[in-house]
4 protein chains.
Amino acid sequence: MIVVMKPGSSQPQVEHVINLVREMGCKDHVIVGTERTVVAVIGDDRHKDRSRFESVEGVEKVVPILAPYKMASVEMKKERTVVPLAKAGAIGGTKVGVIAGPCSVEDKVHLIEIAHAVKEAGAIGLRGGAFKPRTSPYAFQGLAEEGLKYLAEARDKTGLAIVTEVMSIEQIPACVEYADVLQIGARNMQNFNLLSKVGETSKPVLLKRGMSATLEEFLLAAEYIMARGNQNVMLCERGIRTFEEYVRNTLPLAIVPELHRRSHLPVVVDPSHGTGKAHLVADMCKAAVACGADGIILEVHNDPEHAMTDGAQSLNPKQFGEMMKAIKRIAQAVDREV
Amino acid sequence: MIVVMKPGSSQPQVEHVINLVREMGCKDHVIVGTERTVVAVIGDDRHKDRSRFESVEGVEKVVPILAPYKMASVEMKKERTVVPLAKAGAIGGTKVGVIAGPCSVEDKVHLIEIAHAVKEAGAIGLRGGAFKPRTSPYAFQGLAEEGLKYLAEARDKTGLAIVTEVMSIEQIPACVEYADVLQIGARNMQNFNLLSKVGETSKPVLLKRGMSATLEEFLLAAEYIMARGNQNVMLCERGIRTFEEYVRNTLPLAIVPELHRRSHLPVVVDPSHGTGKAHLVADMCKAAVACGADGIILEVHNDPEHAMTDGAQSLNPKQFGEMMKAIKRIAQAVDREV
Amino acid sequence: MIVVMKPGSSQPQVEHVINLVREMGCKDHVIVGTERTVVAVIGDDRHKDRSRFESVEGVEKVVPILAPYKMASVEMKKERTVVPLAKAGAIGGTKVGVIAGPCSVEDKVHLIEIAHAVKEAGAIGLRGGAFKPRTSPYAFQGLAEEGLKYLAEARDKTGLAIVTEVMSIEQIPACVEYADVLQIGARNMQNFNLLSKVGETSKPVLLKRGMSATLEEFLLAAEYIMARGNQNVMLCERGIRTFEEYVRNTLPLAIVPELHRRSHLPVVVDPSHGTGKAHLVADMCKAAVACGADGIILEVHNDPEHAMTDGAQSLNPKQFGEMMKAIKRIAQAVDREV
Amino acid sequence: MIVVMKPGSSQPQVEHVINLVREMGCKDHVIVGTERTVVAVIGDDRHKDRSRFESVEGVEKVVPILAPYKMASVEMKKERTVVPLAKAGAIGGTKVGVIAGPCSVEDKVHLIEIAHAVKEAGAIGLRGGAFKPRTSPYAFQGLAEEGLKYLAEARDKTGLAIVTEVMSIEQIPACVEYADVLQIGARNMQNFNLLSKVGETSKPVLLKRGMSATLEEFLLAAEYIMARGNQNVMLCERGIRTFEEYVRNTLPLAIVPELHRRSHLPVVVDPSHGTGKAHLVADMCKAAVACGADGIILEVHNDPEHAMTDGAQSLNPKQFGEMMKAIKRIAQAVDREV
């Protein structure tokens with residue numbers, strides 16, 4: 001890090017900073033500029049509380065140099081990570097993997113119908129929530145374990161890999177039993193105890209970005225999982241909260257190439273939550289594939305008008321099929337395949 | 001809610017909407033305007049998935065009318081809630097209560113020193129984290145149960161009420177045993193399982209607003225706690241994430257009077273996280289009291305330069321004492337007392 | 001609009017609202033719901049100050065129904081607008097038009113070199129600032145009229161259409177004389193006097209979205225231009241300001257299909273300002289074409305290291321050429337052409 | 001600035017950076033850290049395009065050290081600036097000055113009534129728009145010069161200083177003739193030609209922060225005015241655009257002490273635009289005075305229900321009088337006077 005002193009800071013103030021730097025086991029390097037003195041800190045300071053230097057007298061600000069994540073970074077691992085989705089395929093190679101299904105598991109018949117439809121159109125994974133994080137305590141909270149069983153049955157019938165959200169530590173065993181991929185939702189991206197625990201399982205994890213998480217916080221959340229031994233993490237962009245009002249969330253696709261530049265983990269895009277509007281989903285799927293997404297996860301329902309959750313952003317199977325055809329062409333144009 | 005049809009929507013489309021409205025047990029009321037037809041929905045639709053109407057053909061948008069929270073609202077309870085802080089005082093009456101202490105519990109001697117200092121200056125609560133939600137898995141994670149014991153000892157010595165964060169369901173029993181108030185951190189504001197579980201305890205809860213939560217989501221998080229039987233909820237504004245870069249978070253104080261207008265729950269402001277900069281904390285404490293905050297929670301450390309966490313935003317005891325004198329004067333100017 | 005009354009509002013309060021509605025020449029329609037009374041306003045209220053109803057006693061909130069733009073909307077004009085770029089081509093048809101060039105016009109030799117390079121790679125327009133809106137008064141402010149002359153010379157040599165920013169009313173005549181398209185910069189999107197004046201010229205206008213403008217404000221800015229008679233408006237998304245820190249701006253591509261849904265005007269994307277980072281530009285060009293952009297505008301410099309402005313986000317001619325090849329393939333995949 | 005090299009950057013790459021640094025007339029200072037090499041640039045680089053270093057091979061990022069504003073900064077002028085408001089008083093001394101009046105000048109009788117009312121309650125300035133920046137071209141655009149005459153007449157009758165917005169260069173002469181303070185609206189904060197021109201007048205300027213301007217951009221806008229010779233600039237916070245939906249804008253009051261720390265210019269707060277809701281205005285006035293605002297500007301209308309603009313955020317004279325009493329008490333509590 002670089003500690004920038006205030007103009008007119010005194011020699012004892014600079015020396016005090018130097019002492020603090022040495023106390024933390026780093027080396028100091030003082031540069032006297034024309035208007036400011038700065039103290040460069042040499043050594044690994046990434047796990048120290050750098051902010052406290054800001055409370056030292058004579059200090060104007062502190063500028064971090066080293067990114068705080070390690071295992072997720074391309075500096076640690078050059079080859080790109082490919083995450084297997086059970087026997088259904090993988091996310092992270094040349095192929096772009098599509099995971100589709102209803103927001104919530106509502107009943108078995110519907111689920112299996114949807115599963116067949118998305119499989120046929122080319123999906124490799126089936127998404128569906130058994131435990132639902134709902135903004136209101138009065139809203140439908142999901143079918144819980146029963147929902148997981150339906151999902152497992154849908155896998156048996158279609159071969160699709162099952163992706164389902166785990167909201168809380170005590171739900172992990174059941175999700176591990178029935179599902180192939182554990183999803184961490186946006187609202188839990190910084191539920192650090194939950195991250196650590198899924199990091200102790202052997203199931204691949206689809207980690208959704210928090211709706212106001214910085215890129216660095218997102219990679220550090222992945223780091224929590226990886227630090228416990230689970231390297232199969234997929235980073236999923238699902239839109240951020242901004243002032244825009246024609247969408248439920250703003251989908252910032254530039255994060256796809258930026259994550260690829262900084263991390264070896266595969267990147268998945270969720271245009272359903274990323275827009276909140278069914279009529280925008282297909283175009284955002286195309287854009288995501290065009291800029292390099294390794295996977296797409298989206299909501300498909302065979303009767304969106306009666307969906308118990310997220311009806312406004314669900315495609316019906318026909319729309320899904322058309323979208324799949326469209327992204328197959330885009331994938332080819334960027335030398336990939338769906 | 002109001003369902004707004006597209007210009008040129010057909011009669012069968014309007015009828016289809018009417019049928020869906022009736023299916024959900026509500027009454028419809030169609031208004032044919034000069035440019036749009038709208039279908040007003042009469043009845044309690046607040047727990048239905050209103051968004052799905054947006055996927056219906058011919059529908060342009062859906063406008064909710066009823067706010068989805070109930071127990072937290074002034075419509076349900078006219079008199080303002082006063083939350084007791086053990087024997088130390090209360091938050092929500094004429095008095096403005098101040099809760100102060102270090103970000104993390106670091107060791108016993110320091111903690112007790114700080115506790116005495118803030119008590120002397122007029123605080124009624126002692127804050128301190130034993131379980132720490134840290135952005136990086138490599139950073140200091142707190143002393144856990146040992147930290148809770150130090151906090152309890154500080155209470156015995158000073159009479160201050162203990163406020164500490166509970167990050168995960170399995171930490172609840174220990175926190176309930178040692179602390180007086182359970183804090184839900186900003187990152188867990190939509191950890192719905194955790195909210196429900198603290199709602200089953202009898203301890204008051206300090207609920208921090210998520211850094212990009214809307215006011216409605218904030219009140220619904222309170223509703224999760226209240227729906228399980230715990231009515232002693234304090235709403236804490238701690239700053240939101242915006243594009244501003246001179247602060248760690250932007251502190252939107254207009255939420256204080258707005259929450260008072262919509263809810264009977266007391267409102268606490270956290271200017272430490274709300275700015276992230278020690279030099280801005282005192283002025284924001286003054287502003288918070290001036291606009292009606294029922295309580296202030298902030299970070300005080302007797303050696304911020306060596307604080308293990310949040311050094312940049314901690315006041316030292318001398319600064320805290322001066323701030324307390326300043327807000328006592330402000331409180332009088334708005335007919336309250338600190 | 002819909003005027004929502006507070007719970008418990010009185011009959012005289014509702015009647016007072018009704019009187020205000022009638023005063024503005026609209027019809028009222030009262031609906032008594034189970035928890036709220038609402039007054040639906042029938043008639044064209046889009047140019048009234050609807051907000052003032054919020055100051056009326058007993059009113060909780062006001063919900064607008066009609067969008068306030070007209071000439072820019074698809075309801076007014078079904079066929080899509082195609083904006084001619086002098087003899088160089090057009091923006092808005094099947095072809096995706098590319099406009100490229102340096103941020104600032106710096107000197108004639110460089111400019112002509114760049115113009116030849118982008119022309120060869122397939123661009124139809126040359127961008128370049130003669131008048132530069134600079135955040136700091138001490139920074140390079142552009143070559144003014146001399147810069148315009150260089151641009152005109154570059155057009156003579158290459159046949160490219162010239163796109164240049166007009167910052168102020170008094171610059172209009174010179175820009176009209178030398179350029180083919182007048183650009184309104186993001187910082188001037190709500191400089192209403194300037195908008196009106198360019199609306200009185202016969203030159204096509206490239207209107208950039210303000211960095212925190214809503215979609216409605218964006219379309220209303222176009223409306224200012226169109227209301228004065230100039231229908232050749234291109235809507236340009238150039239990124240919005242959010243909390244994201246790995247980019248200079250966040251590029252919200254979902255606005256491309258949403259603008260197409262609401263307006264007949266062509267949509268151009270600027271991935272240079274939309275990311276601020278050269279290494280992200282090509283991928284965002286691909287994504288923009290994939291989701292339906294009618295044009296791309298971007299910064300190309302033959303020596304970015306020495307560019308006087310925006311070096312960090314400029315492609316060099318080699319990178320530009322590769323990007324053009326890439327988007328040609330994407331364009332084909334969505335049945336268009338570059 | 002500090003140029004941070006990528007891990008593994010080569011010696012020639014570092015040397016290339018050094019050459020570029022020397023080319024711009026600065027000195028270089030290379031520090032080889034454990035994981036990164038950084039090149040510290042010594043000398044005044046604040047008016048160079050620092051971003052272009054980001055396009056140099058081997059460079060990871062560029063960190064600016066010096067703030068780009070000068071004349072507005074406390075480093076240039078220690079004593080605080082006091083801006084005179086004609087004979088009516090001043091903004092920036094011990095007294096907190098209040099400027100009040102309607103959003104738009106609508107007619108003479110109303111204006112003079114309002115002027116008397118706010119004068120009586122303790123205001124020193126009268127605000128009122130003759131030229132109105134309206135989001136829609138179809139909305140009321142102001143009375144123009146006639147409105148200015150009414151304002152001048154109100155000054156003659158009350159002694160209040162006149163504050164009015166100038167939207168465009170050609171309006172400057174008339175505004176200079178009739179008004180005492182020229183207001184630059186939020187939408188024009190980066191209308192650099194307009195800023196320069198008002199910088200050439202001798203009238204004090206009230207500069208509103210753009211709704212997504214950073215603090216640095218705000219101070220640089222002031223710098224544009226000051227660089228032309230006009231030192232009487234007041235910085236006005238009027239709320240920023242965020243995701244919050246219960247307010248029209250989010251009012252970030254921590255900017256008041258932060259501006260005081262960085263600049264000698266007085267700081268004014270506009271809680272009318274800063275909230276957009278009349279019921280929040282008084283509390284935000286109190287908070288603004290409590291945290292050190294030198295002035296308040298707000299909207300007062302004697303018939304908000306019929307206001308042509310901004311009815312929702314205007315106080316009536318009675319509410320204004322009560323607010324004034326309240327802030328007088330707050331001012332005393334911070335050793336100031338209204």
# chains A, B, ... in the order shown; residues from 1 in each chain; ligands from 1

$ select_by_dssp --residues "segment 117-308 of chain C" --states "strand (DSSP E or B)" --output "ChimeraX atom specification"
/C:125-127,129,161-165,181-184,205-208,233-237,240,250,252,263,267-269,295-300

$ interface_residues --of "chain A" --to "chain B" --cutoff "6 Å" --atoms "only C-alpha atoms" --output "list in words"
His47, Asp49, Ser51, Arg52, Glu54, Ser55, Ser136, Pro137, Tyr138, Ala139, Arg187, Gln190, Leu220, Tyr224, Glu305, Thr309, Gly311 and Ala312 of chain A

$ write_last_selection --atoms "all heavy atoms" --output "tab-separated table (two decimals), in the first residue's frame"
chain	number	residue	atom	x	y	z
A	47	HIS	N	-3.58	-8.70	4.25
A	47	HIS	CA	-4.50	-9.20	5.27
A	47	HIS	C	-4.48	-8.36	6.53
A	47	HIS	O	-5.05	-8.72	7.55
A	47	HIS	CB	-4.20	-10.67	5.59
A	47	HIS	CG	-4.14	-11.48	4.34
A	47	HIS	ND1	-4.99	-11.25	3.28
A	47	HIS	CD2	-3.30	-12.48	3.95
A	47	HIS	CE1	-4.70	-12.10	2.31
A	47	HIS	NE2	-3.67	-12.83	2.67
A	49	ASP	N	-5.34	-4.67	8.53
A	49	ASP	CA	-6.34	-3.61	8.42
A	49	ASP	C	-5.64	-2.33	7.98
A	49	ASP	O	-5.14	-1.56	8.78
A	49	ASP	CB	-7.05	-3.37	9.76
A	49	ASP	CG	-8.07	-2.25	9.64
A	49	ASP	OD1	-8.54	-1.97	8.52
A	49	ASP	OD2	-8.40	-1.63	10.67
A	51	SER	N	-6.89	0.24	6.73
A	51	SER	CA	-7.67	1.46	6.95
A	51	SER	C	-7.20	2.22	8.18
A	51	SER	O	-7.32	3.42	8.27
A	51	SER	CB	-9.16	1.13	7.08
A	51	SER	OG	-9.48	0.76	8.40
A	52	ARG	N	-6.66	1.49	9.17
A	52	ARG	CA	-6.33	2.20	10.41
A	52	ARG	C	-5.27	3.26	10.22
A	52	ARG	O	-5.17	4.20	11.00
A	52	ARG	CB	-5.91	1.20	11.50
A	52	ARG	CG	-4.64	0.44	11.19
A	52	ARG	CD	-4.59	-0.81	12.07
A	52	ARG	NE	-3.63	-1.74	11.57
A	52	ARG	CZ	-2.35	-1.77	11.99
A	52	ARG	NH1	-1.92	-0.96	12.90
A	52	ARG	NH2	-1.53	-2.67	11.47
A	54	GLU	N	-5.41	5.49	8.24
A	54	GLU	CA	-6.12	6.75	8.00
A	54	GLU	C	-6.42	7.52	9.27
A	54	GLU	O	-6.76	8.69	9.23
A	54	GLU	CB	-7.44	6.47	7.25
A	54	GLU	CG	-7.19	6.02	5.83
A	54	GLU	CD	-8.44	6.02	4.98
A	54	GLU	OE1	-9.51	6.40	5.47
A	54	GLU	OE2	-8.33	5.61	3.81
A	55	SER	N	-6.33	6.83	10.41
A	55	SER	CA	-6.60	7.55	11.66
A	55	SER	C	-5.32	8.12	12.27
A	55	SER	O	-5.35	8.72	13.33
A	55	SER	CB	-7.29	6.62	12.65
A	55	SER	OG	-6.40	5.60	13.04
A	136	SER	N	-40.61	-10.96	1.50
A	136	SER	CA	-41.68	-10.88	2.48
A	136	SER	C	-41.87	-12.20	3.22
A	136	SER	O	-41.86	-13.26	2.61
A	136	SER	CB	-42.99	-10.51	1.77
A	136	SER	OG	-44.09	-10.79	2.62
A	137	PRO	N	-42.06	-12.14	4.54
A	137	PRO	CA	-42.27	-13.38	5.29
A	137	PRO	C	-43.60	-14.03	4.98
A	137	PRO	O	-43.84	-15.18	5.36
A	137	PRO	CB	-42.23	-12.92	6.75
A	137	PRO	CG	-42.60	-11.48	6.72
A	137	PRO	CD	-42.09	-10.94	5.40
A	138	TYR	N	-44.49	-13.30	4.31
A	138	TYR	CA	-45.81	-13.84	4.02
A	138	TYR	C	-45.87	-14.51	2.66
A	138	TYR	O	-46.88	-15.08	2.28
A	138	TYR	CB	-46.86	-12.71	4.10
A	138	TYR	CG	-46.74	-11.91	5.36
A	138	TYR	CD1	-46.44	-10.56	5.33
A	138	TYR	CD2	-46.88	-12.52	6.61
A	138	TYR	CE1	-46.31	-9.82	6.50
A	138	TYR	CE2	-46.74	-11.80	7.79
A	138	TYR	CZ	-46.46	-10.45	7.73
A	138	TYR	OH	-46.32	-9.74	8.88
A	139	ALA	N	-44.80	-14.44	1.89
A	139	ALA	CA	-44.81	-15.00	0.55
A	139	ALA	C	-44.43	-16.48	0.58
A	139	ALA	O	-43.88	-16.98	1.57
A	139	ALA	CB	-43.83	-14.21	-0.34
A	187	ARG	N	-28.28	-12.53	-2.01
A	187	ARG	CA	-28.45	-11.99	-0.66
A	187	ARG	C	-27.54	-12.67	0.36
A	187	ARG	O	-27.35	-12.17	1.45
A	187	ARG	CB	-29.91	-12.17	-0.21
A	187	ARG	CG	-30.85	-11.25	-0.95
A	187	ARG	CD	-32.29	-11.62	-0.70
A	187	ARG	NE	-33.17	-10.83	-1.57
A	187	ARG	CZ	-33.34	-11.09	-2.86
A	187	ARG	NH1	-32.72	-12.10	-3.42
A	187	ARG	NH2	-34.14	-10.32	-3.58
A	190	GLN	N	-22.38	-12.55	1.12
A	190	GLN	CA	-21.47	-12.28	2.23
A	190	GLN	C	-21.96	-12.91	3.52
A	190	GLN	O	-21.72	-12.39	4.62
A	190	GLN	CB	-21.24	-10.78	2.37
A	190	GLN	CG	-20.46	-10.23	1.16
A	190	GLN	CD	-19.90	-8.84	1.41
A	190	GLN	OE1	-20.59	-7.97	1.91
A	190	GLN	NE2	-18.64	-8.63	1.07
A	220	LEU	N	-13.57	-12.22	-3.23
A	220	LEU	CA	-13.26	-12.64	-1.85
A	220	LEU	C	-14.30	-13.61	-1.32
A	220	LEU	O	-13.99	-14.48	-0.50
A	220	LEU	CB	-13.14	-11.42	-0.94
A	220	LEU	CG	-11.81	-10.70	-1.06
A	220	LEU	CD1	-11.88	-9.35	-0.36
A	220	LEU	CD2	-10.67	-11.55	-0.48
A	224	TYR	N	-13.55	-17.39	0.12
A	224	TYR	CA	-14.03	-18.05	1.34
A	224	TYR	C	-14.32	-19.53	1.07
A	224	TYR	O	-14.04	-20.40	1.88
A	224	TYR	CB	-15.32	-17.39	1.84
A	224	TYR	CG	-15.12	-16.43	2.99
A	224	TYR	CD1	-14.96	-15.07	2.76
A	224	TYR	CD2	-15.10	-16.88	4.32
A	224	TYR	CE1	-14.79	-14.18	3.81
A	224	TYR	CE2	-14.94	-16.00	5.37
A	224	TYR	CZ	-14.78	-14.65	5.12
A	224	TYR	OH	-14.61	-13.77	6.17
A	305	GLU	N	-47.84	-16.92	-16.28
A	305	GLU	CA	-48.94	-16.15	-15.70
A	305	GLU	C	-49.38	-16.69	-14.35
A	305	GLU	O	-49.98	-15.99	-13.55
A	305	GLU	CB	-50.17	-16.20	-16.61
A	305	GLU	CG	-50.01	-15.42	-17.88
A	305	GLU	CD	-51.27	-15.53	-18.74
A	305	GLU	OE1	-52.33	-15.98	-18.24
A	305	GLU	OE2	-51.17	-15.18	-19.91
A	309	THR	N	-43.66	-17.48	-8.28
A	309	THR	CA	-42.61	-16.48	-8.07
A	309	THR	C	-42.00	-16.12	-9.42
A	309	THR	O	-41.89	-16.96	-10.30
A	309	THR	CB	-41.48	-17.05	-7.18
A	309	THR	OG1	-41.05	-18.29	-7.73
A	309	THR	CG2	-41.94	-17.27	-5.75
A	311	GLY	N	-42.80	-14.58	-12.10
A	311	GLY	CA	-43.47	-14.75	-13.39
A	311	GLY	C	-43.03	-13.72	-14.43
A	311	GLY	O	-42.92	-14.02	-15.61
A	312	ALA	N	-42.75	-12.51	-13.99
A	312	ALA	CA	-42.45	-11.43	-14.93
A	312	ALA	C	-41.16	-11.64	-15.70
A	312	ALA	O	-40.95	-11.06	-16.74
A	312	ALA	CB	-42.37	-10.09	-14.18

$ residues_around --residues "segment 271-275 of chain C" --least-positions-apart "3" --cutoff "10 Å" --atoms "only C-alpha atoms" --output "PyMOL selection string"
(chain A and resi 252+254-255) or (chain C and resi 103+211+237-241+246-253+268+278-288+296-300+310+312-315)

$ atom_distance --atom1 "atom CA of Ile65 of chain C" --atom2 "atom CA of Lys27 of chain B"
20.7 Å
